[in-house]
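Novice: Sharing a structure here in structure tokens format.
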There are 2 protein chains.
Amino acid sequence: MDDVFKALADPSRRELLDRLRIENGQTLGDLCRRLDMTRQAVSKHLAVLEAANLVAVVWQGREKLHYLNPVPIHEIAERWIGKFERSRLDALADLKRALEAKPGDDE
Amino acid sequence: MDDVFKALADPSRRELLDRLRIENGQTLGDLCRRLDMTRQAVSKHLAVLEAANLVAVVWQGREKLHYLNPVPIHEIAERWIGKFERSRLDALADLKRALEAKPGDDE
DNA sequence: ACAATATGCAACCATTTGGTTGCATGTCAA
DNA sequence: TTGACATGCAACCAAATGGTTGCATATTGT
């Protein structure tokens, strides 16, 4: 799971995922267009995304097609973010209480 | 928003958030216990979390109380992960189709 | 006043990261 | 077959990251 978080931490990689979300199954070359980076840089980013299992790859002759795999993101949403969502309002209440309590300590 | 992703990318920092979720309003010292790291290391991580607005801080004398702020995580869930959840099944279908199409190309 | 406690700040270090350039390899099309 | 195209691999580099140690500062309790 750490791989997924790490992969999502980079804006360029999130951009790549966004592009695949808009048009799935693009090649390296496709993804390079208008992405102010070298092909090799993009290639490295894609390797990270592959390692995190966020994109799957299908070779078609000399072309490598990249497909978005939404499963890991879904799992993070379910298992990790979900936890925080559940305690969200409690945490906000704690915060509010703490912020109100201290400054007016001197009554 | 990038700050939030970057902050969430580190396991130690997610651990810290987890601890605050379990018990909100802990001090630096509290958070250091059983966290195999120097106080300064923990302090740096907390600084990153503060910068990302994921924890809020209330000074109480010489103690610094840390409170979880769930808002940024909520926003990411809503605005970013939500997008991918929405196109989730389509992407899975694309993937499946691509995987099935190529290997059995030779019919 | 003073010692203990809770924290901050700065310098330093090793490793990782994001990027580059150069060259090699495999596939398609004429 | 041969040239153009799509990609991979490796070396290299600067900057960011995660961690340390040492010292400074502020607050508390006796």
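If you're wondering about the labels, chains in the structure tokens are A, B, ... by order shown, residues count from 1 in each chain, ligands from 1 in order shown.
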I need the residues of segment 11-99 of chain B that end up classed as helix (DSSP H, G or I) by DSSP on the backbone, written out as a PyMOL selection string.

Specialist: chain B and resi 11-22+28-32+39-51+71-86+88-99

Novice: Compute the chain B side of the contact with chain A at 8 Å, counting only C-alpha atoms, and hand it back as a ChimeraX atom specification.

Specialist: /B:2,5-6,8-11,21,24-25,56,58-60,67-71,73-74,77,81,84-85,87-88,91-92,94-95,98-99,102

Novice: If you take only C-alpha atoms (C1' of nucleotides) and a cut-off of 10 Å, which residues of chain B touch chain D, and what are their nearest atom pairs and distances in Å to one decimal, in chain and number order, as CSV?

Specialist:
residue,atom,partner,partner_atom,distance
B:Asp10,CA,D:DG18,C1',9.8
B:Met37,CA,D:DG19,C1',8.5
B:Thr38,CA,D:DT20,C1',8.1
B:Gln40,CA,D:DT20,C1',8.8
B:Ala41,CA,D:DG19,C1',6.5
B:Val42,CA,D:DG19,C1',10.0
B:Lys44,CA,D:DG18,C1',9.0
B:His45,CA,D:DG18,C1',9.1
B:Gln60,CA,D:DT27,C1',9.9
B:Gly61,CA,D:DT27,C1',6.3
B:Arg62,CA,D:DT27,C1',5.1
B:Glu63,CA,D:DT27,C1',8.7

Novice: Mind doing a quick least-squares superposition of chain A onto chain B, all C-alpha atoms paired one-to-one in order, and writing it out as a short mmCIF file (atom, residue, chain, number, x, y, z; two decimals) with N, CA and C atoms, in the first residue's frame?

Specialist:
data_model
loop_
_atom_site.label_atom_id
_atom_site.label_comp_id
_atom_site.auth_asym_id
_atom_site.auth_seq_id
_atom_site.Cartn_x
_atom_site.Cartn_y
_atom_site.Cartn_z
N MET A 1 -2.79 21.26 -2.41
CA MET A 1 -3.21 19.86 -2.33
C MET A 1 -2.02 18.93 -2.44
N ASP A 2 -1.01 19.41 -3.17
CA ASP A 2 0.17 18.57 -3.32
C ASP A 2 0.82 18.30 -1.97
N ASP A 3 0.84 19.33 -1.10
CA ASP A 3 1.39 19.16 0.24
C ASP A 3 0.73 18.00 0.96
N VAL A 4 -0.57 17.88 0.79
CA VAL A 4 -1.30 16.82 1.49
C VAL A 4 -0.87 15.45 0.98
N PHE A 5 -0.83 15.30 -0.35
CA PHE A 5 -0.39 14.02 -0.91
C PHE A 5 1.02 13.68 -0.44
N LYS A 6 1.91 14.66 -0.53
CA LYS A 6 3.28 14.43 -0.10
C LYS A 6 3.33 14.03 1.37
N ALA A 7 2.55 14.72 2.19
CA ALA A 7 2.54 14.42 3.62
C ALA A 7 2.05 13.00 3.87
N LEU A 8 1.07 12.58 3.11
CA LEU A 8 0.49 11.24 3.31
C LEU A 8 1.39 10.14 2.76
N ALA A 9 2.39 10.52 1.98
CA ALA A 9 3.23 9.51 1.32
C ALA A 9 4.14 8.77 2.29
N ASP A 10 4.40 9.36 3.44
CA ASP A 10 5.33 8.73 4.38
C ASP A 10 4.61 7.92 5.45
N PRO A 11 5.04 6.65 5.62
CA PRO A 11 4.39 5.76 6.58
C PRO A 11 4.44 6.29 8.02
N SER A 12 5.56 6.90 8.39
CA SER A 12 5.66 7.43 9.75
C SER A 12 4.61 8.51 9.98
N ARG A 13 4.40 9.33 8.96
CA ARG A 13 3.42 10.40 9.11
C ARG A 13 2.00 9.84 9.15
N ARG A 14 1.73 8.81 8.36
CA ARG A 14 0.40 8.20 8.43
C ARG A 14 0.20 7.58 9.80
N GLU A 15 1.27 6.99 10.32
CA GLU A 15 1.22 6.43 11.68
C GLU A 15 0.86 7.52 12.69
N LEU A 16 1.49 8.68 12.55
CA LEU A 16 1.19 9.79 13.47
C LEU A 16 -0.27 10.19 13.37
N LEU A 17 -0.77 10.29 12.16
CA LEU A 17 -2.19 10.63 11.98
C LEU A 17 -3.08 9.59 12.63
N ASP A 18 -2.69 8.32 12.46
CA ASP A 18 -3.46 7.23 13.07
C ASP A 18 -3.53 7.40 14.59
N ARG A 19 -2.38 7.74 15.16
CA ARG A 19 -2.35 7.90 16.62
C ARG A 19 -3.22 9.06 17.08
N LEU A 20 -3.17 10.14 16.30
CA LEU A 20 -4.01 11.29 16.67
C LEU A 20 -5.48 10.96 16.49
N ARG A 21 -5.75 10.09 15.52
CA ARG A 21 -7.14 9.69 15.31
C ARG A 21 -7.64 8.90 16.52
N ILE A 22 -6.75 8.07 17.06
CA ILE A 22 -7.12 7.28 18.23
C ILE A 22 -7.23 8.15 19.47
N GLU A 23 -6.21 9.03 19.64
CA GLU A 23 -6.26 9.95 20.78
C GLU A 23 -5.83 11.33 20.34
N ASN A 24 -6.77 12.21 20.24
CA ASN A 24 -6.52 13.56 19.73
C ASN A 24 -5.88 14.43 20.80
N GLY A 25 -5.11 15.46 20.36
CA GLY A 25 -4.58 16.43 21.31
C GLY A 25 -3.35 16.00 22.07
N GLN A 26 -2.53 15.12 21.48
CA GLN A 26 -1.32 14.67 22.15
C GLN A 26 -0.17 15.65 21.97
N THR A 27 0.78 15.58 22.89
CA THR A 27 1.97 16.42 22.80
C THR A 27 3.02 15.70 21.97
N LEU A 28 4.10 16.42 21.64
CA LEU A 28 5.23 15.83 20.93
C LEU A 28 5.73 14.61 21.70
N GLY A 29 5.95 14.81 22.99
CA GLY A 29 6.45 13.74 23.84
C GLY A 29 5.57 12.51 23.79
N ASP A 30 4.28 12.72 23.91
CA ASP A 30 3.32 11.61 23.81
C ASP A 30 3.54 10.84 22.53
N LEU A 31 3.60 11.58 21.44
CA LEU A 31 3.68 10.95 20.12
C LEU A 31 5.01 10.23 19.90
N CYS A 32 6.03 10.64 20.65
CA CYS A 32 7.34 9.99 20.49
C CYS A 32 7.37 8.59 21.11
N ARG A 33 6.63 8.39 22.17
CA ARG A 33 6.66 7.11 22.87
C ARG A 33 6.39 5.96 21.91
N ARG A 34 7.26 4.98 21.97
CA ARG A 34 7.12 3.75 21.17
C ARG A 34 7.12 4.02 19.67
N LEU A 35 7.72 5.15 19.27
CA LEU A 35 7.85 5.47 17.84
C LEU A 35 9.34 5.48 17.57
N ASP A 36 9.91 4.40 17.18
CA ASP A 36 11.36 4.21 17.14
C ASP A 36 12.08 5.29 16.31
N MET A 37 12.11 6.49 16.84
CA MET A 37 12.70 7.63 16.15
C MET A 37 13.10 8.67 17.20
N THR A 38 13.98 9.57 16.77
CA THR A 38 14.33 10.67 17.67
C THR A 38 13.15 11.62 17.80
N ARG A 39 13.14 12.38 18.87
CA ARG A 39 12.12 13.40 19.04
C ARG A 39 12.16 14.38 17.87
N GLN A 40 13.36 14.74 17.46
CA GLN A 40 13.50 15.71 16.38
C GLN A 40 12.94 15.19 15.06
N ALA A 41 13.13 13.91 14.83
CA ALA A 41 12.57 13.32 13.61
C ALA A 41 11.04 13.43 13.64
N VAL A 42 10.45 13.04 14.77
CA VAL A 42 9.00 13.15 14.91
C VAL A 42 8.57 14.60 14.74
N SER A 43 9.32 15.49 15.34
CA SER A 43 9.01 16.90 15.24
C SER A 43 8.97 17.37 13.79
N LYS A 44 9.93 16.92 13.02
CA LYS A 44 9.97 17.28 11.60
C LYS A 44 8.73 16.76 10.87
N HIS A 45 8.40 15.50 11.15
CA HIS A 45 7.22 14.93 10.50
C HIS A 45 5.98 15.75 10.85
N LEU A 46 5.88 16.12 12.12
CA LEU A 46 4.72 16.91 12.53
C LEU A 46 4.70 18.25 11.82
N ALA A 47 5.89 18.82 11.60
CA ALA A 47 5.95 20.10 10.89
C ALA A 47 5.39 19.94 9.48
N VAL A 48 5.73 18.81 8.84
CA VAL A 48 5.20 18.56 7.49
C VAL A 48 3.68 18.45 7.54
N LEU A 49 3.19 17.73 8.53
CA LEU A 49 1.74 17.56 8.66
C LEU A 49 1.05 18.90 8.94
N GLU A 50 1.71 19.74 9.74
CA GLU A 50 1.17 21.08 10.00
C GLU A 50 1.12 21.90 8.72
N ALA A 51 2.23 21.85 7.98
CA ALA A 51 2.31 22.62 6.73
C ALA A 51 1.21 22.20 5.76
N ALA A 52 0.86 20.93 5.80
CA ALA A 52 -0.18 20.42 4.91
C ALA A 52 -1.56 20.64 5.53
N ASN A 53 -1.56 21.25 6.70
CA ASN A 53 -2.81 21.57 7.37
C ASN A 53 -3.57 20.32 7.82
N LEU A 54 -2.81 19.25 8.01
CA LEU A 54 -3.45 18.01 8.44
C LEU A 54 -3.51 17.90 9.95
N VAL A 55 -2.63 18.63 10.65
CA VAL A 55 -2.78 18.73 12.10
C VAL A 55 -2.71 20.20 12.48
N ALA A 56 -3.50 20.55 13.49
CA ALA A 56 -3.50 21.90 14.03
C ALA A 56 -2.90 21.82 15.42
N VAL A 57 -2.36 22.94 15.87
CA VAL A 57 -1.57 22.93 17.08
C VAL A 57 -2.09 23.97 18.06
N VAL A 58 -2.13 23.61 19.33
CA VAL A 58 -2.52 24.55 20.37
C VAL A 58 -1.45 24.52 21.45
N TRP A 59 -0.84 25.67 21.69
CA TRP A 59 0.18 25.73 22.75
C TRP A 59 -0.51 25.88 24.10
N GLN A 60 0.01 25.06 25.02
CA GLN A 60 -0.51 25.13 26.37
C GLN A 60 0.69 25.13 27.29
N GLY A 61 1.14 26.35 27.65
CA GLY A 61 2.36 26.46 28.45
C GLY A 61 3.52 25.97 27.64
N ARG A 62 4.28 25.05 28.20
CA ARG A 62 5.44 24.53 27.47
C ARG A 62 5.08 23.33 26.60
N GLU A 63 3.82 22.98 26.62
CA GLU A 63 3.40 21.83 25.82
C GLU A 63 2.68 22.25 24.54
N LYS A 64 2.90 21.46 23.50
CA LYS A 64 2.28 21.73 22.20
C LYS A 64 1.31 20.60 21.92
N LEU A 65 0.06 20.91 21.91
CA LEU A 65 -0.95 19.87 21.69
C LEU A 65 -1.28 19.77 20.20
N HIS A 66 -1.32 18.53 19.71
CA HIS A 66 -1.58 18.31 18.28
C HIS A 66 -2.96 17.73 18.04
N TYR A 67 -3.70 18.41 17.18
CA TYR A 67 -5.04 17.94 16.85
C TYR A 67 -5.13 17.60 15.37
N LEU A 68 -5.83 16.52 15.10
CA LEU A 68 -6.05 16.09 13.74
C LEU A 68 -7.03 17.03 13.05
N ASN A 69 -6.68 17.47 11.85
CA ASN A 69 -7.62 18.23 11.03
C ASN A 69 -8.03 17.38 9.83
N PRO A 70 -9.23 16.85 9.86
CA PRO A 70 -9.65 15.89 8.84
C PRO A 70 -10.07 16.53 7.52
N VAL A 71 -10.14 17.86 7.47
CA VAL A 71 -10.67 18.52 6.29
C VAL A 71 -9.90 18.21 5.00
N PRO A 72 -8.55 18.35 5.00
CA PRO A 72 -7.83 18.07 3.75
C PRO A 72 -8.02 16.65 3.23
N ILE A 73 -8.03 15.69 4.13
CA ILE A 73 -8.25 14.30 3.70
C ILE A 73 -9.64 14.16 3.10
N HIS A 74 -10.59 14.82 3.71
CA HIS A 74 -11.95 14.77 3.19
C HIS A 74 -12.01 15.36 1.79
N GLU A 75 -11.31 16.47 1.59
CA GLU A 75 -11.31 17.13 0.28
C GLU A 75 -10.69 16.25 -0.79
N ILE A 76 -9.59 15.59 -0.42
CA ILE A 76 -8.97 14.69 -1.39
C ILE A 76 -9.90 13.55 -1.75
N ALA A 77 -10.56 13.02 -0.75
CA ALA A 77 -11.51 11.94 -1.01
C ALA A 77 -12.61 12.42 -1.96
N GLU A 78 -13.12 13.61 -1.69
CA GLU A 78 -14.22 14.15 -2.49
C GLU A 78 -13.78 14.49 -3.91
N ARG A 79 -12.71 15.29 -4.00
CA ARG A 79 -12.38 15.90 -5.29
C ARG A 79 -11.49 15.04 -6.15
N TRP A 80 -10.63 14.24 -5.53
CA TRP A 80 -9.67 13.53 -6.36
C TRP A 80 -10.02 12.06 -6.49
N ILE A 81 -10.11 11.40 -5.35
CA ILE A 81 -10.43 9.97 -5.38
C ILE A 81 -11.81 9.75 -5.98
N GLY A 82 -12.72 10.68 -5.67
CA GLY A 82 -14.07 10.59 -6.22
C GLY A 82 -14.08 10.43 -7.73
N LYS A 83 -13.26 11.25 -8.40
CA LYS A 83 -13.17 11.17 -9.87
C LYS A 83 -12.86 9.76 -10.33
N PHE A 84 -11.90 9.13 -9.65
CA PHE A 84 -11.48 7.80 -10.07
C PHE A 84 -12.52 6.75 -9.71
N GLU A 85 -13.17 6.96 -8.61
CA GLU A 85 -14.24 6.03 -8.24
C GLU A 85 -15.34 6.04 -9.30
N ARG A 86 -15.63 7.24 -9.80
CA ARG A 86 -16.71 7.36 -10.76
C ARG A 86 -16.40 6.61 -12.06
N SER A 87 -15.12 6.62 -12.48
CA SER A 87 -14.79 5.93 -13.73
C SER A 87 -14.23 4.53 -13.47
N ARG A 88 -14.41 4.09 -12.23
CA ARG A 88 -13.79 2.84 -11.81
C ARG A 88 -14.21 1.63 -12.65
N LEU A 89 -15.48 1.42 -12.78
CA LEU A 89 -15.94 0.22 -13.47
C LEU A 89 -15.61 0.27 -14.96
N ASP A 90 -15.70 1.45 -15.55
CA ASP A 90 -15.30 1.61 -16.95
C ASP A 90 -13.85 1.19 -17.14
N ALA A 91 -12.99 1.70 -16.27
CA ALA A 91 -11.56 1.40 -16.39
C ALA A 91 -11.32 -0.09 -16.26
N LEU A 92 -12.00 -0.70 -15.30
CA LEU A 92 -11.84 -2.14 -15.11
C LEU A 92 -12.27 -2.91 -16.36
N ALA A 93 -13.36 -2.44 -16.97
CA ALA A 93 -13.86 -3.10 -18.18
C ALA A 93 -12.83 -2.97 -19.31
N ASP A 94 -12.29 -1.75 -19.47
CA ASP A 94 -11.24 -1.51 -20.48
C ASP A 94 -10.09 -2.49 -20.28
N LEU A 95 -9.66 -2.56 -19.04
CA LEU A 95 -8.51 -3.39 -18.70
C LEU A 95 -8.78 -4.84 -19.08
N LYS A 96 -9.92 -5.32 -18.66
CA LYS A 96 -10.28 -6.71 -18.91
C LYS A 96 -10.31 -6.98 -20.41
N ARG A 97 -10.94 -6.07 -21.13
CA ARG A 97 -11.05 -6.22 -22.58
C ARG A 97 -9.66 -6.29 -23.21
N ALA A 98 -8.79 -5.36 -22.79
CA ALA A 98 -7.44 -5.32 -23.37
C ALA A 98 -6.67 -6.59 -23.06
N LEU A 99 -6.82 -7.08 -21.85
CA LEU A 99 -6.09 -8.28 -21.45
C LEU A 99 -6.58 -9.50 -22.22
N GLU A 100 -7.87 -9.52 -22.49
CA GLU A 100 -8.42 -10.66 -23.22
C GLU A 100 -8.12 -10.59 -24.71
N ALA A 101 -8.09 -9.37 -25.24
CA ALA A 101 -7.95 -9.21 -26.69
C ALA A 101 -6.58 -9.65 -27.19
N LYS A 102 -5.53 -9.19 -26.51
CA LYS A 102 -4.20 -9.38 -27.07
C LYS A 102 -3.66 -10.80 -27.10
N PRO A 103 -3.64 -11.49 -25.97
CA PRO A 103 -3.00 -12.81 -25.99
C PRO A 103 -3.61 -13.72 -27.05
N GLY A 104 -4.90 -13.68 -27.26
CA GLY A 104 -5.55 -14.53 -28.27
C GLY A 104 -5.72 -13.79 -29.59
N ASP A 105 -4.73 -13.03 -29.97
CA ASP A 105 -4.77 -12.17 -31.14
C ASP A 105 -4.84 -12.98 -32.43
N ASP A 106 -4.33 -14.21 -32.35
CA ASP A 106 -4.00 -15.01 -33.52
C ASP A 106 -5.14 -15.91 -34.00
N GLU A 107 -6.34 -15.45 -33.92
CA GLU A 107 -7.42 -16.35 -34.35
C GLU A 107 -7.68 -16.22 -35.85
#

Novice: If you run DSSP on this backbone, which residues of chain A come out as strand (DSSP E or B), and could you give them as JSON, numbers by chain?

Specialist: {"A": [26, 55, 56, 57, 58, 59, 60, 63, 64, 65, 66, 67, 68]}

Novice: May I have the selected residues written with N, CA, C and O atoms, as a PDB file, in the first residue's frame?

Specialist:
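File produced: selection-v7.pdb:
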ATOM      1  N   GLN A  26      -3.376   4.424 -23.640  1.00  0.00           N
ATOM      2  CA  GLN A  26      -2.440   5.208 -24.429  1.00  0.00           C
ATOM      3  C   GLN A  26      -1.029   4.622 -24.395  1.00  0.00           C
ATOM      4  O   GLN A  26      -0.663   3.917 -23.468  1.00  0.00           O
ATOM      5  N   VAL A  55      -1.243   1.188 -12.936  1.00  0.00           N
ATOM      6  CA  VAL A  55      -1.505   1.023 -14.364  1.00  0.00           C
ATOM      7  C   VAL A  55      -1.038  -0.360 -14.786  1.00  0.00           C
ATOM      8  O   VAL A  55      -0.054  -0.893 -14.269  1.00  0.00           O
ATOM      9  N   ALA A  56      -1.792  -0.942 -15.705  1.00  0.00           N
ATOM     10  CA  ALA A  56      -1.447  -2.240 -16.271  1.00  0.00           C
ATOM     11  C   ALA A  56      -1.057  -2.000 -17.719  1.00  0.00           C
ATOM     12  O   ALA A  56      -1.466  -1.014 -18.326  1.00  0.00           O
ATOM     13  N   VAL A  57      -0.254  -2.912 -18.243  1.00  0.00           N
ATOM     14  CA  VAL A  57       0.361  -2.683 -19.538  1.00  0.00           C
ATOM     15  C   VAL A  57       0.065  -3.841 -20.476  1.00  0.00           C
ATOM     16  O   VAL A  57       0.068  -4.998 -20.060  1.00  0.00           O
ATOM     17  N   VAL A  58      -0.219  -3.522 -21.719  1.00  0.00           N
ATOM     18  CA  VAL A  58      -0.412  -4.555 -22.739  1.00  0.00           C
ATOM     19  C   VAL A  58       0.470  -4.217 -23.928  1.00  0.00           C
ATOM     20  O   VAL A  58       0.350  -3.141 -24.509  1.00  0.00           O
ATOM     21  N   TRP A  59       1.372  -5.132 -24.257  1.00  0.00           N
ATOM     22  CA  TRP A  59       2.233  -4.899 -25.418  1.00  0.00           C
ATOM     23  C   TRP A  59       1.484  -5.259 -26.688  1.00  0.00           C
ATOM     24  O   TRP A  59       0.839  -6.305 -26.773  1.00  0.00           O
ATOM     25  N   GLN A  60       1.631  -4.341 -27.644  1.00  0.00           N
ATOM     26  CA  GLN A  60       1.003  -4.576 -28.927  1.00  0.00           C
ATOM     27  C   GLN A  60       2.046  -4.232 -29.974  1.00  0.00           C
ATOM     28  O   GLN A  60       2.203  -3.079 -30.351  1.00  0.00           O
ATOM     29  N   GLU A  63       4.438  -1.232 -29.597  1.00  0.00           N
ATOM     30  CA  GLU A  63       3.780  -0.249 -28.731  1.00  0.00           C
ATOM     31  C   GLU A  63       3.364  -0.851 -27.397  1.00  0.00           C
ATOM     32  O   GLU A  63       2.986  -2.027 -27.322  1.00  0.00           O
ATOM     33  N   LYS A  64       3.454  -0.012 -26.363  1.00  0.00           N
ATOM     34  CA  LYS A  64       3.088  -0.444 -25.018  1.00  0.00           C
ATOM     35  C   LYS A  64       1.858   0.350 -24.608  1.00  0.00           C
ATOM     36  O   LYS A  64       1.929   1.566 -24.427  1.00  0.00           O
ATOM     37  N   LEU A  65       0.765  -0.326 -24.464  1.00  0.00           N
ATOM     38  CA  LEU A  65      -0.477   0.364 -24.116  1.00  0.00           C
ATOM     39  C   LEU A  65      -0.657   0.377 -22.606  1.00  0.00           C
ATOM     40  O   LEU A  65      -0.480  -0.641 -21.949  1.00  0.00           O
ATOM     41  N   HIS A  66      -1.016   1.560 -22.082  1.00  0.00           N
ATOM     42  CA  HIS A  66      -1.167   1.713 -20.633  1.00  0.00           C
ATOM     43  C   HIS A  66      -2.626   1.845 -20.236  1.00  0.00           C
ATOM     44  O   HIS A  66      -3.327   2.703 -20.758  1.00  0.00           O
ATOM     45  N   TYR A  67      -3.025   0.991 -19.309  1.00  0.00           N
ATOM     46  CA  TYR A  67      -4.401   1.038 -18.826  1.00  0.00           C
ATOM     47  C   TYR A  67      -4.434   1.359 -17.340  1.00  0.00           C
ATOM     48  O   TYR A  67      -3.631   0.860 -16.562  1.00  0.00           O
ATOM     49  N   LEU A  68      -5.390   2.176 -16.979  1.00  0.00           N
ATOM     50  CA  LEU A  68      -5.575   2.537 -15.588  1.00  0.00           C
ATOM     51  C   LEU A  68      -6.150   1.356 -14.814  1.00  0.00           C
ATOM     52  O   LEU A  68      -7.116   0.736 -15.252  1.00  0.00           O
TER      53      LEU A  68
END

Novice: Can I get the residues of chain C within 9 Å of chain A, each with the closest pair of atoms and their distance in Å to one decimal, using only C-alpha atoms (C1' of nucleotides), sorted chain first then ascending number, as a tab-separated table?

Specialist:
residue	atom	partner	partner_atom	distance
C:DG18	C1'	A:Ala41	CA	7.6
C:DG19	C1'	A:Ala41	CA	6.4
C:DT20	C1'	A:Thr38	CA	8.1
C:DG26	C1'	A:Arg62	CA	7.1
C:DT27	C1'	A:Arg62	CA	5.2
C:DC28	C1'	A:Arg62	CA	8.0
